[in-house]
Protein chains: 4
Amino acid sequence: MSMNTFGHLFRVTTWGESHGPAIGCVVDGCPPGIEIDADDLQVWLDKRRPGQSRFTTQRKESDTVQILSGTFEGKTTGTPISLLIENEDLRSKDYDDIKDKFRPGHGDFTYWHKYGIRDYRGGGRASARETAMRVAAGGVARKVLGAGVVIRAALIQMGPNRVDPDNWDWEEVDRNPFFCPDAKAAKEWEGYLDSVRKAGSSCGAIIEVMAEGVPVGLGAPVYGKLDGDLAAAMMSINAVKGVEIGAGMGAAALSGEDNADEMRMRGNDVTFLSNAAGGTLAGISTGQDLVVRFAVKPTSSILTPRRTVTTGGEETEISTKGRHDPCVGIRGVPVGEAMMACVLADHLLRHRAQCG
Amino acid sequence: MSMNTFGHLFRVTTWGESHGPAIGCVVDGCPPGIEIDADDLQVWLDKRRPGQSRFTTQRKESDTVQILSGTFEGKTTGTPISLLIENEDLRSKDYDDIKDKFRPGHGDFTYWHKYGIRDYRGGGRASARETAMRVAAGGVARKVLGAGVVIRAALIQMGPNRVDPDNWDWEEVDRNPFFCPDAKAAKEWEGYLDSVRKAGSSCGAIIEVMAEGVPVGLGAPVYGKLDGDLAAAMMSINAVKGVEIGAGMGAAALSGEDNADEMRMRGNDVTFLSNAAGGTLAGISTGQDLVVRFAVKPTSSILTPRRTVTTGGEETEISTKGRHDPCVGIRGVPVGEAMMACVLADHLLRHRAQCG
Amino acid sequence: MSMNTFGHLFRVTTWGESHGPAIGCVVDGCPPGIEIDADDLQVWLDKRRPGQSRFTTQRKESDTVQILSGTFEGKTTGTPISLLIENEDLRSKDYDDIKDKFRPGHGDFTYWHKYGIRDYRGGGRASARETAMRVAAGGVARKVLGAGVVIRAALIQMGPNRVDPDNWDWEEVDRNPFFCPDAKAAKEWEGYLDSVRKAGSSCGAIIEVMAEGVPVGLGAPVYGKLDGDLAAAMMSINAVKGVEIGAGMGAAALSGEDNADEMRMRGNDVTFLSNAAGGTLAGISTGQDLVVRFAVKPTSSILTPRRTVTTGGEETEISTKGRHDPCVGIRGVPVGEAMMACVLADHLLRHRAQCG
Amino acid sequence: MSMNTFGHLFRVTTWGESHGPAIGCVVDGCPPGIEIDADDLQVWLDKRRPGQSRFTTQRKESDTVQILSGTFEGKTTGTPISLLIENEDLRSKDYDDIKDKFRPGHGDFTYWHKYGIRDYRGGGRASARETAMRVAAGGVARKVLGAGVVIRAALIQMGPNRVDPDNWDWEEVDRNPFFCPDAKAAKEWEGYLDSVRKAGSSCGAIIEVMAEGVPVGLGAPVYGKLDGDLAAAMMSINAVKGVEIGAGMGAAALSGEDNADEMRMRGNDVTFLSNAAGGTLAGISTGQDLVVRFAVKPTSSILTPRRTVTTGGEETEISTKGRHDPCVGIRGVPVGEAMMACVLADHLLRHRAQCG
């Protein structure tokens, strides 16, 4: 990972600001001969698209992705795949009254100090809009992984409200506007999020991403560990403040006995009796389900006035009136899936390189 | 990060197994003209050295580091710095009775499947012994950062027992065998860990690493974020299952108001009224203290018999009798500091490259 | 360098085929605050543009470059700069009768065997059209280097006909259709190239690229040598078969005395009495003019029938009727300049990173 | 390639100065399960070892390589292979009288200006001694490639004296002290080099490296071209000033007809009727012999006094009395083979990653 590229062999380079003419990415290293067209990518982008319920930003973007290179007669050629989405609903004027103020909890302050310049329109490069290209690239990655690897994610906590694992139902995830796997919790979250939104506030969330069907052996010790790359990938998503694999932070409180996933034979295959490891040992996939969670902080753009300073060094207050997600974690669900797909595709190629 | 190298401009490549003749690393990209000798590195290695109390492995290693290249007349020359530590206390026989069994929670299983070969003596490359070289490299990184950046870490949770933040005293960290900043907790942990050890069990831990004096502007959006690289660095340490920045996983439960660190002027400087962000916004350092936490799972090598299988596919039990740390997280404290130092040194050079 | 990206800190990723909707590139790592607009890049693209004389391909492309990201209010922001050129004059039909035949000396054969797929329209990714994006990126690189570094190139040999160094005149380079620095040679080349073109044949060329004003100290031993990166950069240009620095292949025939560029003082500065080294010693720039030459083989697409085979394994003949350059080396002149600029910009940032 | 590491998947990092305690390298990414021991590497080092005839430096080094990690029970484990050679015949005093003078044609001047520090003993990191580790790593690379790929090199020009291709005999290469494939030329070179040596001068050379049995398909357009990586690899060898593939610089003078290697069927296989391309088209191997040449300039350390300046800015003369090779190109032969092996091993893994 380096600047605007991630991955080593399956490499994704993204570009673009939220208020420029377009955003895009280049996917390099994709194996040849894979059937793919724009629809294969659009289906994932549609999951992430804003404005689909009252709970996400009302910015209207069709997010229609175009494939500009790298395919011929419906198949990948092994050359770089260029993807592009035009920006549509630009209202840069929304940002005029905050252009000299730093939004607390936002990258305004650090961009200004690092680069001496700041594209104040919607956060520029720091905008969550960049994640659309991750989702598009993730669609390519899924094709590389094939149908045998199933990657799904769900919102398991909104604000302080956690789902009940006993209620987990993957089919429920597509039935509510929160990607919540617990029908009961989803119902309660509606009221909760309405109150947050009406208060001009925002809330955080926790997303769980799971990959089934991952072959044993992906990952490269010691600085190319699968979990190290997953941690970097998830932490690189806007607003993420924590990443867990398997038992995660809770592993600290386990006993050695509870942490050690015991093994038995099932026919000729080894089977594990638990999955505290979350599908990875010593940085290499075990063949169990890969389980990653990440926490998203509350959207920093809120209506509630906050104390801040201006670029000129004056103390002031700020209240952000643009169109924002009260819980940006919701749209983080397809993004987390995409990052999982990209990391796995990269490691699949890396494993094949070294071990044949 | 890739395989056995981490960092982009300040690059560390480690090599060696726990039961080979030596372990070592190559530090490439270090600026020239920095005064350094082996003692500057040894001081940090001595913190990590095993066998210093009854609470760590009784393996006896002096861990004396040699500088084989890259310095001339006491200063770095800008060429690769090769560091080497000879292995001393090898008792490979300890491992004879487990050589065909997979230790639950250990990398045995994944190495075997990935590489078709397994160095069963002490875990081979998966051994925590590799972290000695991270500590040595971290010593070089501290020199690059200079005295203005202070990096310290502490054990803030052992098993289920958390320190009381109100008792935090950095000076206490060096007074007890746990790097615990809370004298009262340290006292209680003695009894707790003795009981864990005597039971042939093990426990996990949480480490907090803090860097003070970090200049504003380090980090590169969007895939070279400072927090993304810190997450990868910490997750690459043996047995780590979770990484947090600032409010971490708890950020999910914060309100937008509590999450937004407000700003005021202090003289000509901007000051933040809180640090939920943990010192980074949009992946770039804010100039506040950088705060990173990571969770270490319990040591997988325990005396308590666990169900497992053999490489030949037979069901069996295993009880690991080698010399192991009941709480490997303790020795993770200097390792966490080292990884923080390496990531910051790398980003310092990267920032200087792009922004002068 | 890796696949479709080159450079380490000043990184250029190109994409696109000659017969797709567009070609483009992403320039990552550019320092912020540099004034730049599309015209600054267009001036170099116009030098490379086809169809400007009867001596280059008659394909009509305006090659108008668009900047899609990475600038704000006329300045670079430090975020990725996305550049795009639409393809205009597509005549894929031209290629229908060669779609099953391998053109000798062309990448058809190797693409087919490597990828199992072949975009036969104009060479796909192997088309020299890709070099347009190098030229555009080179325009950005020149801005990074600033006005103090002057990069110029010239065609010094066409077919077997070499210029006379005594006639060298940089101003002449822009007065003839060959970028030839020798007015007399340029006149003779007209007749020569007309005869080559009319014969349905093609010829090779040698280009010399010179950079003046390069500061001493750029380059990183031993695998990041300035000359190593220049060699890779030039050899990556389509059809290049040889690269020389300074005395080049002729260095073999020099005596130790003639090879050693002696030094004297000129005021407080060191001055060299000759430049056999071509501006680099031990991989690091000396401050003298950097001198690089590269040889371009004759265009492989010729009218003269050549023996070849089909994808189905049948023996046949081929005669390529598309619109091609009889001497593709001519348009290699601005491409060589661009690669020099990109390598120097990258090394400028790399040097600043390590040495401040 | 970056600083002291080259290769992407088969990665070699070298370290060490000519007058430090040792030199070494780390080979990362090697596939597991390959039988290898130190003797497999020593055989190549013995070819490069100094002091084997009166025509190479009289420095006495056994160059005994040790494998410190990465193998277990005689096989590679997939973890980093650390190789080390102790320096033996250190006579740093030889350099005392040149420590303040810049040797013309040597890296003294550029190291001093870049790093502000200079290890004057034998050139420090710029010494050709570094190439011993390339040769050792090349031994590992050959094992990765397997017996089907045969890599051989020869000295084809010494000073202005070229071999006669009609006399080429690979078996002759091991019979003379020059790795010369032409018995007649070798005989003449003896007298020539004796006169150069006695005159206190030095001379350059050209080496040709050939790889037979390379599968079709290695190489990755457009910046990961096989020839681009070969050019970088060869140009990174000390004193190299030019690199050619196939027809090389001479390609400029070929007609399109002569340049196009025609194809016919031989049974079910395609066969080429010539090899102007040198085994690569569009950066990808054709399956023909890979043919690379590079020119080595004369050793810069000569007895003949040369005008130079001191680090303090005074004009003076220098005459280098250390133990040096009158024709350093001779020992470049095994180094060129090693670089070819490393590049091919890297591309073999890269190809397997993307194309299976």
# chains A, B, ... in the order shown; residues from 1 in each chain; ligands from 1
$ closest_atom_pairs --of "chain D" --to "chain B" --cutoff "8 Å" --atoms "only C-alpha atoms" --output "CSV"
residue,atom,partner,partner_atom,distance
D:Met3,CA,B:Gly29,CA,7.2
D:Asn4,CA,B:Asp28,CA,6.9
D:Thr14,CA,B:Pro80,CA,7.9
D:Trp15,CA,B:Pro80,CA,5.5
D:Gly16,CA,B:Ser69,CA,5.0
D:Glu17,CA,B:Ser69,CA,6.5
D:Gly20,CA,B:Ser69,CA,6.4
D:Pro21,CA,B:Leu68,CA,6.2
D:Ala22,CA,B:Leu68,CA,6.5
D:Ile23,CA,B:Ser69,CA,7.8
D:Val26,CA,B:Trp15,CA,7.4
D:Asp28,CA,B:Asn4,CA,6.9
D:Gly29,CA,B:Met3,CA,7.2
D:Pro32,CA,B:Tyr115,CA,5.7
D:Gly33,CA,B:Ile117,CA,7.1
D:Leu68,CA,B:Pro21,CA,6.2
D:Ser69,CA,B:Gly16,CA,5.0
D:Gly70,CA,B:Gly16,CA,7.0
D:Phe72,CA,B:Asp119,CA,6.4
D:Thr77,CA,B:Ile117,CA,6.3
D:Gly78,CA,B:Tyr115,CA,6.5
D:Thr79,CA,B:Arg125,CA,7.0
D:Pro80,CA,B:Trp15,CA,5.5
D:Ile81,CA,B:Trp15,CA,7.2
D:Ser82,CA,B:Trp15,CA,6.5
D:Tyr115,CA,B:Pro32,CA,5.7
D:Gly116,CA,B:Gly33,CA,7.3
D:Ile117,CA,B:Thr77,CA,6.2
D:Arg118,CA,B:Thr77,CA,7.2
D:Asp119,CA,B:Phe72,CA,6.5
D:Arg125,CA,B:Thr79,CA,7.0
$ residues_around --residues "D:Leu155" --least-positions-apart "3" --cutoff "8 Å" --atoms "only C-alpha atoms" --output "NGL selection string"
:D and (158 or 178-181 or 205-208 or 329-330 or 333)
$ select_by_dssp --residues "stretch 83-275 of chain C" --states "strand (DSSP E)" --output "PyMOL selection string"
chain C and resi 83-86+150-158+161-162+205-212+240-245+263-266+269-272
$ closest_residue --among "C:Leu273, C:Val243, C:Ile34, C:Cys327" --to "D:Ala295" --atoms "only C-alpha atoms"
C:Val243
$ atom_distance --atom1 "atom CA of D:Cys355" --atom2 "atom CA of A:Ala233"
24.9 Å
$ residues_around --residues "stretch 44-53 of chain C" --least-positions-apart "4" --cutoff "8 Å" --atoms "only C-alpha atoms" --output "list in words"
Asp40, Thr57, Gln58, Arg59, Lys60, Glu61, Ser62, Asp63, Ala132, Val135, Ala136, Gly139, Pro177, Arg331, Gly332, Val333, Pro334 and Val335 of chain C
$ closest_residue --among "D:Tyr223, D:Gly146, D:Gly204, D:Ala353" --to "C:Thr131" --atoms "only C-alpha atoms"
D:Tyr223
$ atom_distance --atom1 "atom CA of B:Pro165" --atom2 "atom CA of B:Phe55"
23.6 Å
$ atom_distance --atom1 "atom CA of A:Leu303" --atom2 "atom CA of A:Cys203"
12.8 Å
$ residues_around --residues "B:Thr304" --least-positions-apart "5" --cutoff "7 Å" --atoms "only C-alpha atoms" --output "ChimeraX atom specification"
/B:200-201,319
$ write_last_selection --atoms "N, CA, C and O atoms" --output "PDB file, in the first residue's frame"
ATOM      1  N   GLY B 200      -0.790 -23.944  34.198  1.00  0.00           N
ATOM      2  CA  GLY B 200      -0.367 -24.386  32.861  1.00  0.00           C
ATOM      3  C   GLY B 200      -1.158 -23.707  31.758  1.00  0.00           C
ATOM      4  O   GLY B 200      -1.215 -24.189  30.639  1.00  0.00           O
ATOM      5  N   SER B 201      -1.762 -22.585  32.109  1.00  0.00           N
ATOM      6  CA  SER B 201      -2.590 -21.869  31.139  1.00  0.00           C
ATOM      7  C   SER B 201      -1.857 -20.624  30.631  1.00  0.00           C
ATOM      8  O   SER B 201      -0.635 -20.513  30.793  1.00  0.00           O
ATOM      9  N   SER B 319      -0.060 -31.253  24.619  1.00  0.00           N
ATOM     10  CA  SER B 319       0.248 -30.449  25.795  1.00  0.00           C
ATOM     11  C   SER B 319       1.660 -29.937  25.553  1.00  0.00           C
ATOM     12  O   SER B 319       2.582 -30.712  25.357  1.00  0.00           O
TER      13      SER B 319
END
$ residues_around --residues "A:Met340" --least-positions-apart "5" --cutoff "9 Å" --atoms "only C-alpha atoms" --output "PyMOL selection string"
chain A and resi 138+151+209-211+230+233-234+292+335+345
$ closest_residue --among "A:His347, A:Arg54, A:His106, A:Lys187" --to "A:Gly228" --atoms "only C-alpha atoms"
A:His347
$ closest_residue --among "A:Leu193, A:Met249, A:Ile98, A:Ala141" --to "A:Phe10" --atoms "only C-alpha atoms"
A:Ala141
$ residues_around --residues "D:Gly256" --least-positions-apart "2" --cutoff "9 Å" --atoms "only C-alpha atoms" --output "number ranges by chain"
C: 105, 201-204, 297-302, 304, 326; D: 254, 258-260
$ select_by_dssp --residues "stretch 108-141 of chain A" --states "alpha helix (DSSP H)" --output "list in words"
Asp108, Phe109, Thr110, Tyr111, Trp112, His113, Lys114, Tyr115, Thr131, Ala132, Met133, Arg134, Val135, Ala136, Ala137, Gly138, Gly139, Val140 and Ala141 of chain A
$ write_last_selection --atoms "N, CA and C atoms" --output "PDB file, in the first residue's frame"
ATOM      1  N   ASP A 108     -10.070  18.482   7.304  1.00  0.00           N
ATOM      2  CA  ASP A 108      -9.755  19.858   6.876  1.00  0.00           C
ATOM      3  C   ASP A 108      -8.436  20.344   7.456  1.00  0.00           C
ATOM      4  N   PHE A 109      -8.314  20.149   8.772  1.00  0.00           N
ATOM      5  CA  PHE A 109      -7.173  20.696   9.496  1.00  0.00           C
ATOM      6  C   PHE A 109      -5.862  20.075   9.021  1.00  0.00           C
ATOM      7  N   THR A 110      -5.864  18.758   8.874  1.00  0.00           N
ATOM      8  CA  THR A 110      -4.609  18.081   8.525  1.00  0.00           C
ATOM      9  C   THR A 110      -4.244  18.292   7.057  1.00  0.00           C
ATOM     10  N   TYR A 111      -5.210  18.276   6.162  1.00  0.00           N
ATOM     11  CA  TYR A 111      -4.910  18.572   4.752  1.00  0.00           C
ATOM     12  C   TYR A 111      -4.297  19.966   4.625  1.00  0.00           C
ATOM     13  N   TRP A 112      -4.899  20.916   5.302  1.00  0.00           N
ATOM     14  CA  TRP A 112      -4.423  22.298   5.247  1.00  0.00           C
ATOM     15  C   TRP A 112      -2.963  22.377   5.690  1.00  0.00           C
ATOM     16  N   HIS A 113      -2.647  21.694   6.774  1.00  0.00           N
ATOM     17  CA  HIS A 113      -1.289  21.776   7.290  1.00  0.00           C
ATOM     18  C   HIS A 113      -0.300  20.958   6.473  1.00  0.00           C
ATOM     19  N   LYS A 114      -0.750  19.827   5.955  1.00  0.00           N
ATOM     20  CA  LYS A 114       0.178  19.001   5.189  1.00  0.00           C
ATOM     21  C   LYS A 114       0.474  19.613   3.827  1.00  0.00           C
ATOM     22  N   TYR A 115      -0.578  20.005   3.127  1.00  0.00           N
ATOM     23  CA  TYR A 115      -0.423  20.398   1.726  1.00  0.00           C
ATOM     24  C   TYR A 115      -0.421  21.910   1.507  1.00  0.00           C
ATOM     25  N   THR A 131     -14.814   6.001  -1.763  1.00  0.00           N
ATOM     26  CA  THR A 131     -15.077   4.573  -1.520  1.00  0.00           C
ATOM     27  C   THR A 131     -15.911   3.925  -2.621  1.00  0.00           C
ATOM     28  N   ALA A 132     -16.569   4.737  -3.443  1.00  0.00           N
ATOM     29  CA  ALA A 132     -17.308   4.138  -4.564  1.00  0.00           C
ATOM     30  C   ALA A 132     -16.359   3.343  -5.457  1.00  0.00           C
ATOM     31  N   MET A 133     -15.153   3.861  -5.646  1.00  0.00           N
ATOM     32  CA  MET A 133     -14.214   3.166  -6.518  1.00  0.00           C
ATOM     33  C   MET A 133     -13.690   1.886  -5.872  1.00  0.00           C
ATOM     34  N   ARG A 134     -13.640   1.870  -4.539  1.00  0.00           N
ATOM     35  CA  ARG A 134     -13.254   0.625  -3.859  1.00  0.00           C
ATOM     36  C   ARG A 134     -14.304  -0.446  -4.141  1.00  0.00           C
ATOM     37  N   VAL A 135     -15.559  -0.003  -4.103  1.00  0.00           N
ATOM     38  CA  VAL A 135     -16.650  -0.952  -4.337  1.00  0.00           C
ATOM     39  C   VAL A 135     -16.587  -1.487  -5.770  1.00  0.00           C
ATOM     40  N   ALA A 136     -16.316  -0.604  -6.715  1.00  0.00           N
ATOM     41  CA  ALA A 136     -16.205  -1.046  -8.108  1.00  0.00           C
ATOM     42  C   ALA A 136     -15.040  -2.023  -8.266  1.00  0.00           C
ATOM     43  N   ALA A 137     -13.892  -1.678  -7.676  1.00  0.00           N
ATOM     44  CA  ALA A 137     -12.726  -2.565  -7.767  1.00  0.00           C
ATOM     45  C   ALA A 137     -13.007  -3.886  -7.059  1.00  0.00           C
ATOM     46  N   GLY A 138     -13.756  -3.806  -5.977  1.00  0.00           N
ATOM     47  CA  GLY A 138     -14.120  -5.022  -5.256  1.00  0.00           C
ATOM     48  C   GLY A 138     -14.950  -5.961  -6.134  1.00  0.00           C
ATOM     49  N   GLY A 139     -15.732  -5.382  -7.015  1.00  0.00           N
ATOM     50  CA  GLY A 139     -16.507  -6.201  -7.951  1.00  0.00           C
ATOM     51  C   GLY A 139     -15.595  -6.994  -8.876  1.00  0.00           C
ATOM     52  N   VAL A 140     -14.513  -6.366  -9.304  1.00  0.00           N
ATOM     53  CA  VAL A 140     -13.530  -7.087 -10.124  1.00  0.00           C
ATOM     54  C   VAL A 140     -12.866  -8.183  -9.282  1.00  0.00           C
ATOM     55  N   ALA A 141     -12.535  -7.835  -8.050  1.00  0.00           N
ATOM     56  CA  ALA A 141     -11.868  -8.800  -7.170  1.00  0.00           C
ATOM     57  C   ALA A 141     -12.723 -10.036  -6.938  1.00  0.00           C
TER      58      ALA A 141
END
